[in-house]
Structures are given as C-alpha cells and as structure tokens.
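Student: Just dropping this structure here.
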There are 2 protein chains.
Amino acid sequence: MTPPATAEQPPAVAALREHLARTADLQHAAMLLHWDHQTQMPPSGATARGAALGTLEELAHERTADPALGVLLDAAQAAGEDPGLLRAVREDHERAARVPSALVGEIAALAAVAHPAWAAARQADDFTAFAPHLRRHVELARRYAACFPEVDHPYDALLQRFEPGATTADLRAAFAALRSGLVPLIERLAARPDPGDLLGPFPVAEQRALALEIARSMGFDDAAWRIDEAVHPFMASMGREDVRITTKEDEATLAIGLFGVLHETGHGLYEAGVDPAWDRTTVGTGTSLGVHESQSRLWENMVGRSRALWSHWLPRARELFPGPLAGVDLDDFLRRINVVRPSLIRVDADEATYCLHVLLRFELEVALVEGSLDVDDLPRAWNDGMRDLLGVTVPSDADGVLQDVHWSEGAIGYFPTYAVGTIVAAQLWAAAHEQLPGLDDAIAGGDLAPLREWLREHVHRHGRTRTGGEILAATTGGGLDPQPLLDYLTAKYEALHG
Amino acid sequence: MTPPATAEQPPAVAALREHLARTADLQHAAMLLHWDHQTQMPPSGATARGAALGTLEELAHERTADPALGVLLDAAQAAGEDPGLLRAVREDHERAARVPSALVGEIAALAAVAHPAWAAARQADDFTAFAPHLRRHVELARRYAACFPEVDHPYDALLQRFEPGATTADLRAAFAALRSGLVPLIERLAARPDPGDLLGPFPVAEQRALALEIARSMGFDDAAWRIDEAVHPFMASMGREDVRITTKEDEATLAIGLFGVLHETGHGLYEAGVDPAWDRTTVGTGTSLGVHESQSRLWENMVGRSRALWSHWLPRARELFPGPLAGVDLDDFLRRINVVRPSLIRVDADEATYCLHVLLRFELEVALVEGSLDVDDLPRAWNDGMRDLLGVTVPSDADGVLQDVHWSEGAIGYFPTYAVGTIVAAQLWAAAHEQLPGLDDAIAGGDLAPLREWLREHVHRHGRTRTGGEILAATTGGGLDPQPLLDYLTAKYEALHG
C-alpha cells in the first residue's frame, strides 16, 4: 500500500517513505503475530506461528539491509527529509548491512535451542546444563560486536542494539554513582521495621476494574486500546491507534495486576502519543528500550505509588476492597505499597532495590564479553554480587543466575536498559515538576492529563526521531544522571517513614 | 525461516519449497490480520490494519509473479516434485504474472470506493448511486479476462480465480439441469402447509454450548481451534493446527448460531485435514471456493439438518431448551428446521431454494461480462429473475439487486461457487453413503468420525494438489452433476412430509 501522497512531499522523500511503509507494515504484522501468540492462539498453532514470525522478521531485515535503502536515504537527505528520521533509519540500515545474515541466523538458531535448555536447566537447578549454550551466545555476541570495530568497547555494539547512543563507559559511570547512593540508602531503609504487605484477598475482577479506571484517567482509550491476559504481561502496539496491554492477576496482591496495568499503560501511552506524521514509518515507535521503560516505571512507581495518586484513588479502592483496606489509612497504604526489602528475584523487586539487580547483570555481561569472567565462574560471581549489592544469600542457581530468560535468547546488552529507564524516569519526573508547578495537585485531583501531555510533548511525539540523549538534553539540559533518582527515593522514603 | 531439510528432498525441490514457505508465511500473517480485524481489533486500528494487510497481499503477489518462481518450478519438476503441487503453483504464478499490477491496483482502488458506495446505496435503496461503480467493475473485469485470451468465454477467466478448472459452459449445463429439477420441486414443496419455524427463545449461552458439543464430535479440537464472535461469521485458518471459526447468535432462532457453527466447522475440518506434507506450502489449503463450500454445506445441511443427527442430539437439545422444544417431537423438529419458503434474501434462504438465488446471480454476471445486459437494466433483470425462479416479487432494490456485498468488491465469478459447493456436497454425500454402508447409523449413534475420515481421505488431505474436478472424478467417477442434489432434496422432503 502506497502512503497517500502529500502535495508538499518531494519525490525522493516520498520514495523513502514508501520503502519504510512496507517495512513498518511487516513490523505491524510481526507484532500482531506475537501478541496473538501470547494471548489468543490455540496451543497447537505454535510451530506454524514460529515459522511465520521468523519469515516476517527476515523480510523486514532484508528490506532494512537492502543497498537500495541507502540510495533512498541519500536522495531523501538531499531533498530535505527530517534529520531525526534519517539518523534513525540510517542506523538501522548500517547495522543490518554490517551484520552478516549468517550470523543473525546463527544467533536465532542458537536461541531456539538455548531457550528450552535454559527452561529445563532452571527447572532442574542445573547451571552446567545451560552453560554451553551461554558460552556459545557469548562467542556469537563477540562476533557481533566485531562487526563494529569503531566502538570503544565491544559491549557498546551489543548495548546499542537496544539503547542507541549509549556507551559502556557512560553506563559504568552512571551506575557507579547510582550504586554508591543506593547501597547505603537501602541498608538504612531495610534496617527499619517492615510495615508488611497489604493483605488480600483482592478479587481479580475488582482489581481489573480499578486498574482500568486509573488507566482510563491516564489515557487508555476504549476505541483504540484493549487489555488481555498473558502469562508474562507486555504491551504490543500495531500503530498509535491500536495499543494492547496485557495483565495477569493474583488476588493475594495488587502488585501484579493493578501496578502491572499502570506499568503497561505507561508503555502504551508512549506508542499512542507518537506524532501521526510518523505513521507507517519505522520511526513511529519508542526511541529505545530505556526510554520506553522510563515511561512504564514513571507511571507505575513515581505516579502509581505516590501520595498524590492515592489521595484521590484510595476512597475508590476502599469501595472495591472494603475488607482488606479496612483500617488502612493513606499513610499505612503508602508504606505497604512501598515496602523496601532486598530479595532474590529481579522481577519481584521493589522500586528501591530493583536497579541493583540490574547493575549486577550489567557488570557480569561486560565481564563475559571482555573475557575477564568465564561462564563457568558466573554462578559464583552472581552469588558474590548479590551478597555485596543487596546483602542476600542466593540459595540456588534457579533463584540466582538462571532466573531470567534474556541470556537464553542471546539478548546481551538488554538488561542495563531497565536501569537506564529507571534513571530517566526520575530525571523526567523531576523536570516535569519543575515545568508544571501544580503537578502533584493535579494528580491528587484525579487529573493525569497535564503529566501525560507533558510527556507527549517532550518524549512521545518524537518517536525515534530523537535519541534518548537528545530527549534528556532538551528536558533536563544534561545527560544520564542518577542523582534525581537518588534524590527522589531519599525524599520519598523519608516522607513515608518520617 | 527455512523449512527443515529432509534427507530425501532433491535440492531443486527444496529450493521451490523454501520459496513457497515464505509466501505461505505471508498468507498466514494476512489471514491473522484479517481474523483479528473482524474479531479483536480496537475500532481505531482500521486504517493501519488496512495498510498492513494491503502490503502483505502485495508482497505475496510479487513473490508469486516473480519470474524466479517460474525457474524454480521448472527445476523442481525435473527433480520429481509432486505434479499436483506443480500444477497449482504454476497456475498461481501464471495468473499473477499475466495480470498487470496496475490492473490489480485499479480493481483494489475501485473496491475501496465502491464498497462504501454500495453500503450507502443499499441503505438509501438507490441503485443509481451504485451503478457507476458496478459499471466500472464490469469494465475492469473485462480487462482482467482479456489477460487470458485462450479461454472459451471471458467469464471463465473470472470464475477460475475462485474455481480453478471450471468453465462457463460446464456451469451453464449443470445449472440448467439443476434449475429444471429445482423449480418444480420447490413449487410442490411451497404449496404444502408451512410447518412454521421453531419458536424460541433459545438462549445464546445454551446455543453455543450445544453447537460446541456437536462441533467437538465433528472434530473441533480445543488444542487447535477457537471460536469467537463476528458480525459476518467466517472461518480463518493459520495452518491445520490453528483453525478459528466465528459465530453470531440470535436467541430467536437456531439457524444463525447453531447451524452457523456447523457450517464454519465444516470449513475448518477441511483446513485441519490437509496432509502435513503440505505445511508451509501455498497448496496446504482448500482447493477451491466451491469444494470448500461443499464441506460447510455438507456438515450444515446434509448432516446438520438430518434425521440421523437429531435422533442422537435432540434429547440433549431438549435438556438445554426445555421450553421451546416441549411437545416438539423428532418429526416436527425436522420439519421446522427444514422449512422450504421462497424468499428474497440469499443468505437467509433454505436448503432447497438457496441455489436458485445463486443461479440468478450467475446468469446476470455472465450477461454483464458478455455485454448482453447493461448495468442500468440490472434491477429489472433481477426482479424478473426472482419472479421466474422463485415466484417472489422484489419490493425494493435494497432487498433485491443491492443485497450482496460481492459486486462492490469486484468479485465477479464468485457467486457460482456457492451452487457448485452445494452440488458437490450432495455428490460427496451420495458417494460417502455408497462407500460407508453404516454411515447413517454411525451418525445416529453420535459417531461423526467415519464421515470426517472419509472426507479427509478423499478431499481434505489433498489440499490444492487435486482440483475439484479430480476429487469428483476420484470419488464419483464423473464430473459436476446436479442429479444427486435433486435426488437428495426430493427424497429428504418426501420423507419429511410423507
């Protein structure tokens, strides 16, 4: 399908846009196949689905690597195409062109074997059964990195697949500062009496109802969004007018269902807020995993676990959960949804300890890629790191080094984006407060539109035409900086615990 | 994704299969996008979805028209590829290569405008508002037919898009014989006292439950199938292990929900029954629209409205619908689900009168393509035909010539496949009875497996590697023959009404 020609578009720009439109359409299809796989597909359909999804990804990759795209980019640049679009698409093109298809195929083939091997190894608590696959993934990752000899550190090439423009050196500096601040803060917080969790049951229908009421006030639009159940919740968007979040619910806690919906709605608002000018281009989506995660974490934690939000919504929650919330006042509620408790599992970690889980993975990945750590020594390094960072003793590899799926898929360089997202969320949260003086009052009044519109203006609408670094520079005047996160956490927990 | 290489496959066969696998994967994706559009998609997603679907269809078309496919076909033929696969793929390739992309685009662009124009014209009961679009569709259909100068009749080229191997001459002969038998039969049946419909309400949850119980006994497999609601029910399959039927229910009648599910399950069994050898080829699906419709109509009507089926299932229906079925014995039930009543609307027509609606459309389409009928004269010809064939007076174009969507989409040549399907269903039903002496007893015992397995063996497993004509020749020793349908209807209604 050719995009509608606009009178103003020079022919070279139109030609580039037509090429991108088809690639974007393949990405639309791949995203839908993935969403359907996780939410709707009959189980027997998995084999055919895997093949179809592989073909869509290959076709999109071939189009992106196609030398003809390079020619179109040059012509469109001369004709005045948007510089941000050109930068993002040129990066995609050069990355796709420089990595041999055979290597891409080797990594995918290994992932297909390594993923079930990881699941079985985790089940059996047997790291040695997974180690050969991980060793091979590290080798392939090094070969991947070698396709980019100009980078300062081979890990940069892996990282930049997920976080364009980020460098190992920058992350090391930011993460070191974060660690220096977080470790003593968490030690102080963990030494306090534990307020305990909220005690359910929180019936799942009422959790869904409350989550959707809050999500609608965030911007969940019933004409353009939907919500389904999934074992591992995620957000999938087939363009800004077809945004799908997923959830799972556990009546024992609000953390999975309710706060999960706020998290995924944060991701969805990013996709929904991209400027329609980028429809059917490959830049009409989030600019990086870190900036995407900044949106989900900002809404889940900075808004979702705030005094301002619950001063508005707690009465409604009380109507839906009269038993569990009887005698729980706002202060008590906030303390219980903001418990800080060093623990073993990243995905269950609280807002304060979460980044330390990520920092450990980053350090280990860099060491594996550098060759300063051998795969056989990884469990010991993991356990040592958990003790040093969080003060916890890892009882088994299943609840330690084998807990995450990422390495089985060869996604080395992915983990740090979670910490980048958390840091960026706090930087944006601080900037929004500076520029919107009545922000907390609006939230406490149930009005989330000012924050959403500020994020749309400064983050969402640009899609991939601005990098995470450019967005930070424009909103904060600087780069990645963990200080606002440390300040935010310190102030929050001081206010909570007096 | 490359299909797994099998030791026995010569390289030229493997190369062809790899080309087909990617095209089949694009078709898988397009089918899912369509299914999702009709059943799950938020309404705002329609624009992006239309574009993505268009791209997938274009990419599949380009791959099919690609001269490289012709080379692969020749090499695979020399290497011993299956002749049925070669025939079907060569037909696809030659059709795609011979019709200029510009003409395909013109037809699609016209359909995009003509479809809403048709809907508005039908709403306003104003044929003149649709006539210019239909005239243009007829012109484009003639240009399409002109790409196939070797056919005996230009309509052949249009028809064979949907029913490979069928000819206008063959259909004219079969349809004339069908008409000669049906018109007097229906006159006799319609002159009898009307037994009246079953009187509801039939609550939709119980209809769905009964429909699924019967469908499961047909072969609906919960691990590989699913059912959803759709405004215009259809079946969609993403391969034989991912089959999706849709339904809508009206508590006033069983005809839409219950019998609709049996119809769509019949379509689904065809897709589910294809030999796994044809997975990820473009021949692993139904061989023609007519043969597909033979499966849905056979299960909906010949099985679904039979004494044998209901002698088993009526007691269960009585449990679910105790009120409406109180005092309705098996004979009465069968008469009421088999009412013959000449009427205006094809999609609501009963089993006996249905084909006459189709025959009218066939005659009119042929006349339009030949040029012996002008679009302006179409309403008069329609109304005359309805009077001659069914004895009904058409009160408005909205309930006459404007009732069906097909012409707005340029699908000239599609309608006759409905009658072909009904004729073939009766031929297969007769052949199955000859070859399976205890068939009715098995059905009356609740065992639908013998019929399903007979159909799988003789129809389903071949996919597109046998034409409808080859399937008929192998099962009946002859070609398209309306006599079994006339015999079946005559015997059925004599038995019902004594």
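By convention in this document, the chains of the structure tokens carry letters A, B, ... by their order, each chain's residues are numbered from 1, and ligands are numbered from 1 in the order they are shown.
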Residues of chain A within 10 Å of chain B, counting only C-alpha atoms - could you list those as a ChimeraX atom specification?
Tutor: /A:1-3,21-30,32-33,36,40-59,105,221-226,237-244,279-280
Student: Pick out the residues sitting within 7 Å of range 379-390 of chain B, and hand them over as a tab-separated table (two decimals) with N, CA and C atoms, in the first residue's frame; count only C-alpha atoms, and ignore anything fewer than 6 positions along from it in its own chain.
Tutor:
```tsv
chain	number	residue	atom	x	y	z
B	183	VAL	N	-36.99	-25.98	-9.77
B	183	VAL	CA	-38.15	-25.07	-9.82
B	183	VAL	C	-39.46	-25.84	-9.56
B	342	PRO	N	-39.78	-19.93	-0.39
B	342	PRO	CA	-39.13	-18.98	-1.32
B	342	PRO	C	-39.13	-17.58	-0.73
B	356	LEU	N	-31.17	-21.41	-6.27
B	356	LEU	CA	-31.83	-20.57	-7.28
B	356	LEU	C	-31.38	-19.11	-7.15
B	360	LEU	N	-29.42	-17.16	-10.41
B	360	LEU	CA	-29.78	-15.84	-10.95
B	360	LEU	C	-28.54	-14.95	-11.06
B	397	ASP	N	-34.87	-2.44	-4.36
B	397	ASP	CA	-33.52	-2.84	-4.74
B	397	ASP	C	-32.67	-3.19	-3.52
B	401	VAL	N	-31.38	-6.39	-5.87
B	401	VAL	CA	-30.08	-6.37	-6.55
B	401	VAL	C	-28.95	-5.81	-5.69
```
Student: Excluding range 320-331 of chain B and its own-chain neighbours fewer than 5 positions away, which residues fall within 9 Å of it when counting only C-alpha atoms? Please give them as an mmCIF file with all heavy atoms, in the first residue's frame.
Tutor:
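Okay, part-v3.cif is ready:
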```cif
data_model
loop_
_atom_site.group_PDB
_atom_site.id
_atom_site.type_symbol
_atom_site.label_atom_id
_atom_site.label_comp_id
_atom_site.auth_asym_id
_atom_site.auth_seq_id
_atom_site.Cartn_x
_atom_site.Cartn_y
_atom_site.Cartn_z
ATOM 1 N N LEU B 198 -39.300 -23.198 14.406
ATOM 2 C CA LEU B 198 -39.188 -23.430 15.845
ATOM 3 C C LEU B 198 -39.314 -22.083 16.544
ATOM 4 O O LEU B 198 -38.774 -21.081 16.074
ATOM 5 C CB LEU B 198 -37.820 -24.034 16.180
ATOM 6 C CG LEU B 198 -37.580 -25.484 15.775
ATOM 7 C CD1 LEU B 198 -36.114 -25.831 15.985
ATOM 8 C CD2 LEU B 198 -38.478 -26.429 16.559
ATOM 9 N N LEU B 199 -39.998 -22.067 17.662
ATOM 10 C CA LEU B 199 -40.201 -20.807 18.363
ATOM 11 C C LEU B 199 -39.299 -20.748 19.591
ATOM 12 O O LEU B 199 -39.368 -21.628 20.456
ATOM 13 C CB LEU B 199 -41.665 -20.658 18.769
ATOM 14 C CG LEU B 199 -42.630 -20.510 17.574
ATOM 15 C CD1 LEU B 199 -44.070 -20.417 18.049
ATOM 16 C CD2 LEU B 199 -42.261 -19.275 16.746
ATOM 17 N N GLY B 200 -38.453 -19.751 19.652
ATOM 18 C CA GLY B 200 -37.525 -19.587 20.763
ATOM 19 C C GLY B 200 -38.244 -19.079 22.002
ATOM 20 O O GLY B 200 -39.458 -19.287 22.113
ATOM 21 N N PRO B 201 -37.566 -18.433 22.894
ATOM 22 C CA PRO B 201 -36.142 -18.088 22.800
ATOM 23 C C PRO B 201 -35.210 -19.277 23.063
ATOM 24 O O PRO B 201 -35.515 -20.127 23.881
ATOM 25 C CB PRO B 201 -35.980 -17.039 23.900
ATOM 26 C CG PRO B 201 -37.012 -17.391 24.924
ATOM 27 C CD PRO B 201 -38.171 -17.930 24.145
ATOM 28 N N PHE B 202 -34.100 -19.259 22.317
ATOM 29 C CA PHE B 202 -33.011 -20.213 22.526
ATOM 30 C C PHE B 202 -31.830 -19.421 23.086
ATOM 31 O O PHE B 202 -31.074 -18.800 22.320
ATOM 32 C CB PHE B 202 -32.610 -20.867 21.199
ATOM 33 C CG PHE B 202 -33.735 -21.594 20.527
ATOM 34 C CD1 PHE B 202 -34.479 -20.977 19.525
ATOM 35 C CD2 PHE B 202 -34.058 -22.890 20.902
ATOM 36 C CE1 PHE B 202 -35.521 -21.640 18.911
ATOM 37 C CE2 PHE B 202 -35.109 -23.562 20.288
ATOM 38 C CZ PHE B 202 -35.844 -22.943 19.289
ATOM 39 N N PRO B 203 -31.676 -19.399 24.417
ATOM 40 C CA PRO B 203 -30.634 -18.533 25.000
ATOM 41 C C PRO B 203 -29.265 -18.793 24.364
ATOM 42 O O PRO B 203 -28.894 -19.934 24.093
ATOM 43 C CB PRO B 203 -30.650 -18.924 26.478
ATOM 44 C CG PRO B 203 -32.006 -19.498 26.706
ATOM 45 C CD PRO B 203 -32.396 -20.160 25.420
ATOM 46 N N GLU B 206 -26.677 -21.356 25.804
ATOM 47 C CA GLU B 206 -27.025 -22.765 25.567
ATOM 48 C C GLU B 206 -26.836 -23.124 24.090
ATOM 49 O O GLU B 206 -26.438 -24.234 23.770
ATOM 50 C CB GLU B 206 -28.458 -23.046 26.013
ATOM 51 C CG GLU B 206 -28.613 -23.195 27.513
ATOM 52 C CD GLU B 206 -28.586 -21.879 28.276
ATOM 53 O OE1 GLU B 206 -28.660 -20.796 27.633
ATOM 54 O OE2 GLU B 206 -28.447 -21.914 29.514
ATOM 55 N N GLN B 207 -27.145 -22.187 23.191
ATOM 56 C CA GLN B 207 -26.870 -22.449 21.766
ATOM 57 C C GLN B 207 -25.397 -22.693 21.540
ATOM 58 O O GLN B 207 -24.997 -23.609 20.816
ATOM 59 C CB GLN B 207 -27.276 -21.242 20.898
ATOM 60 C CG GLN B 207 -28.724 -21.198 20.536
ATOM 61 C CD GLN B 207 -28.950 -20.279 19.327
ATOM 62 O OE1 GLN B 207 -28.327 -20.462 18.276
ATOM 63 N NE2 GLN B 207 -29.837 -19.323 19.485
ATOM 64 N N ALA B 209 -23.243 -23.716 23.713
ATOM 65 C CA ALA B 209 -22.851 -24.983 24.342
ATOM 66 C C ALA B 209 -23.214 -26.163 23.441
ATOM 67 O O ALA B 209 -22.388 -27.055 23.201
ATOM 68 C CB ALA B 209 -23.530 -25.120 25.703
ATOM 69 N N LEU B 210 -24.443 -26.167 22.922
ATOM 70 C CA LEU B 210 -24.869 -27.283 22.064
ATOM 71 C C LEU B 210 -24.039 -27.301 20.773
ATOM 72 O O LEU B 210 -23.585 -28.369 20.327
ATOM 73 C CB LEU B 210 -26.362 -27.161 21.743
ATOM 74 C CG LEU B 210 -26.929 -28.254 20.833
ATOM 75 C CD1 LEU B 210 -26.753 -29.640 21.450
ATOM 76 C CD2 LEU B 210 -28.416 -27.989 20.537
ATOM 77 N N ARG B 307 -32.208 -36.434 9.944
ATOM 78 C CA ARG B 307 -32.864 -37.257 10.963
ATOM 79 C C ARG B 307 -31.819 -38.015 11.797
ATOM 80 O O ARG B 307 -31.956 -38.128 13.020
ATOM 81 C CB ARG B 307 -33.810 -38.258 10.275
ATOM 82 C CG ARG B 307 -34.463 -39.270 11.214
ATOM 83 C CD ARG B 307 -35.521 -40.106 10.502
ATOM 84 N NE ARG B 307 -36.613 -39.280 10.042
ATOM 85 C CZ ARG B 307 -37.692 -38.973 10.781
ATOM 86 N NH1 ARG B 307 -37.820 -39.450 12.006
ATOM 87 N NH2 ARG B 307 -38.628 -38.207 10.289
ATOM 88 N N TRP B 310 -30.165 -35.710 14.493
ATOM 89 C CA TRP B 310 -31.050 -35.254 15.577
ATOM 90 C C TRP B 310 -31.662 -36.403 16.351
ATOM 91 O O TRP B 310 -32.113 -36.209 17.481
ATOM 92 C CB TRP B 310 -32.079 -34.260 15.039
ATOM 93 C CG TRP B 310 -31.357 -32.979 14.689
ATOM 94 C CD1 TRP B 310 -31.022 -32.545 13.458
ATOM 95 C CD2 TRP B 310 -30.798 -32.041 15.622
ATOM 96 N NE1 TRP B 310 -30.293 -31.375 13.533
ATOM 97 C CE2 TRP B 310 -30.142 -31.042 14.854
ATOM 98 C CE3 TRP B 310 -30.765 -31.936 17.006
ATOM 99 C CZ2 TRP B 310 -29.481 -29.960 15.445
ATOM 100 C CZ3 TRP B 310 -30.116 -30.857 17.594
ATOM 101 C CH2 TRP B 310 -29.470 -29.881 16.814
ATOM 102 N N SER B 311 -31.680 -37.601 15.771
ATOM 103 C CA SER B 311 -32.131 -38.731 16.581
ATOM 104 C C SER B 311 -31.146 -38.941 17.739
ATOM 105 O O SER B 311 -31.510 -39.423 18.797
ATOM 106 C CB SER B 311 -32.278 -40.002 15.734
ATOM 107 O OG SER B 311 -31.023 -40.423 15.270
ATOM 108 N N LEU B 314 -31.266 -34.598 19.659
ATOM 109 C CA LEU B 314 -32.474 -33.894 20.127
ATOM 110 C C LEU B 314 -32.686 -34.017 21.635
ATOM 111 O O LEU B 314 -33.056 -33.023 22.275
ATOM 112 C CB LEU B 314 -33.718 -34.377 19.350
ATOM 113 C CG LEU B 314 -35.003 -33.584 19.650
ATOM 114 C CD1 LEU B 314 -34.835 -32.096 19.345
ATOM 115 C CD2 LEU B 314 -36.183 -34.153 18.846
ATOM 116 N N PRO B 315 -32.420 -35.198 22.233
ATOM 117 C CA PRO B 315 -32.578 -35.258 23.695
ATOM 118 C C PRO B 315 -31.707 -34.237 24.429
ATOM 119 O O PRO B 315 -32.137 -33.617 25.396
ATOM 120 C CB PRO B 315 -32.153 -36.696 24.025
ATOM 121 C CG PRO B 315 -32.435 -37.468 22.774
ATOM 122 C CD PRO B 315 -32.131 -36.518 21.651
ATOM 123 N N ARG B 336 -39.479 -28.426 11.023
ATOM 124 C CA ARG B 336 -39.319 -26.999 11.329
ATOM 125 C C ARG B 336 -37.907 -26.476 11.042
ATOM 126 O O ARG B 336 -37.730 -25.283 10.788
ATOM 127 C CB ARG B 336 -39.697 -26.731 12.789
ATOM 128 C CG ARG B 336 -41.193 -26.820 13.032
ATOM 129 C CD ARG B 336 -41.495 -26.826 14.522
ATOM 130 N NE ARG B 336 -42.912 -27.021 14.786
ATOM 131 C CZ ARG B 336 -43.777 -26.021 15.008
ATOM 132 N NH1 ARG B 336 -43.352 -24.791 14.959
ATOM 133 N NH2 ARG B 336 -45.048 -26.281 15.256
ATOM 134 N N LEU B 496 -39.833 -36.227 4.899
ATOM 135 C CA LEU B 496 -40.259 -35.302 5.955
ATOM 136 C C LEU B 496 -41.759 -35.081 5.960
ATOM 137 O O LEU B 496 -42.381 -34.990 7.019
ATOM 138 C CB LEU B 496 -39.589 -33.938 5.757
ATOM 139 C CG LEU B 496 -38.173 -33.752 6.290
ATOM 140 C CD1 LEU B 496 -37.682 -32.374 5.918
ATOM 141 C CD2 LEU B 496 -38.168 -33.933 7.803
#
```
Student: Mind checking which residues fall within 9 Å of Val358 in chain A, counting only C-alpha atoms, ignoring those fewer than 4 positions away in the same chain, and posting them as an MDAnalysis selection string?
Tutor: chainID A and resid 346 354 362:363 415:419
Student: Please produce a file of those selected residues containing N, CA, C and O atoms, as an mmCIF file, in the first residue's frame.
Tutor:
```
data_model
loop_
_atom_site.group_PDB
_atom_site.id
_atom_site.type_symbol
_atom_site.label_atom_id
_atom_site.label_comp_id
_atom_site.auth_asym_id
_atom_site.auth_seq_id
_atom_site.Cartn_x
_atom_site.Cartn_y
_atom_site.Cartn_z
ATOM 1 N N ARG A 346 14.661 -10.419 40.517
ATOM 2 C CA ARG A 346 14.562 -9.076 39.925
ATOM 3 C C ARG A 346 13.124 -8.659 39.671
ATOM 4 O O ARG A 346 12.711 -7.546 40.029
ATOM 5 N N TYR A 354 15.411 -2.461 42.907
ATOM 6 C CA TYR A 354 15.364 -3.009 41.553
ATOM 7 C C TYR A 354 16.654 -2.778 40.766
ATOM 8 O O TYR A 354 17.216 -3.703 40.158
ATOM 9 N N PHE A 362 24.610 -6.159 34.470
ATOM 10 C CA PHE A 362 25.446 -5.346 33.575
ATOM 11 C C PHE A 362 26.933 -5.654 33.794
ATOM 12 O O PHE A 362 27.680 -5.916 32.844
ATOM 13 N N GLU A 363 27.342 -5.659 35.040
ATOM 14 C CA GLU A 363 28.767 -5.912 35.341
ATOM 15 C C GLU A 363 29.182 -7.298 34.838
ATOM 16 O O GLU A 363 30.261 -7.462 34.265
ATOM 17 N N PHE A 415 19.735 -5.940 29.551
ATOM 18 C CA PHE A 415 19.448 -5.645 30.962
ATOM 19 C C PHE A 415 19.681 -4.185 31.360
ATOM 20 O O PHE A 415 18.840 -3.605 32.055
ATOM 21 N N PRO A 416 20.822 -3.574 30.977
ATOM 22 C CA PRO A 416 21.043 -2.217 31.504
ATOM 23 C C PRO A 416 19.933 -1.239 31.148
ATOM 24 O O PRO A 416 19.752 -0.238 31.847
ATOM 25 N N THR A 417 19.176 -1.520 30.088
ATOM 26 C CA THR A 417 18.120 -0.572 29.719
ATOM 27 C C THR A 417 17.070 -0.453 30.824
ATOM 28 O O THR A 417 16.385 0.559 30.914
ATOM 29 N N TYR A 418 16.934 -1.488 31.659
ATOM 30 C CA TYR A 418 15.979 -1.376 32.772
ATOM 31 C C TYR A 418 16.416 -0.308 33.771
ATOM 32 O O TYR A 418 15.598 0.450 34.294
ATOM 33 N N ALA A 419 17.731 -0.272 34.039
ATOM 34 C CA ALA A 419 18.222 0.743 34.978
ATOM 35 C C ALA A 419 18.242 2.123 34.318
ATOM 36 O O ALA A 419 17.906 3.126 34.946
#
```
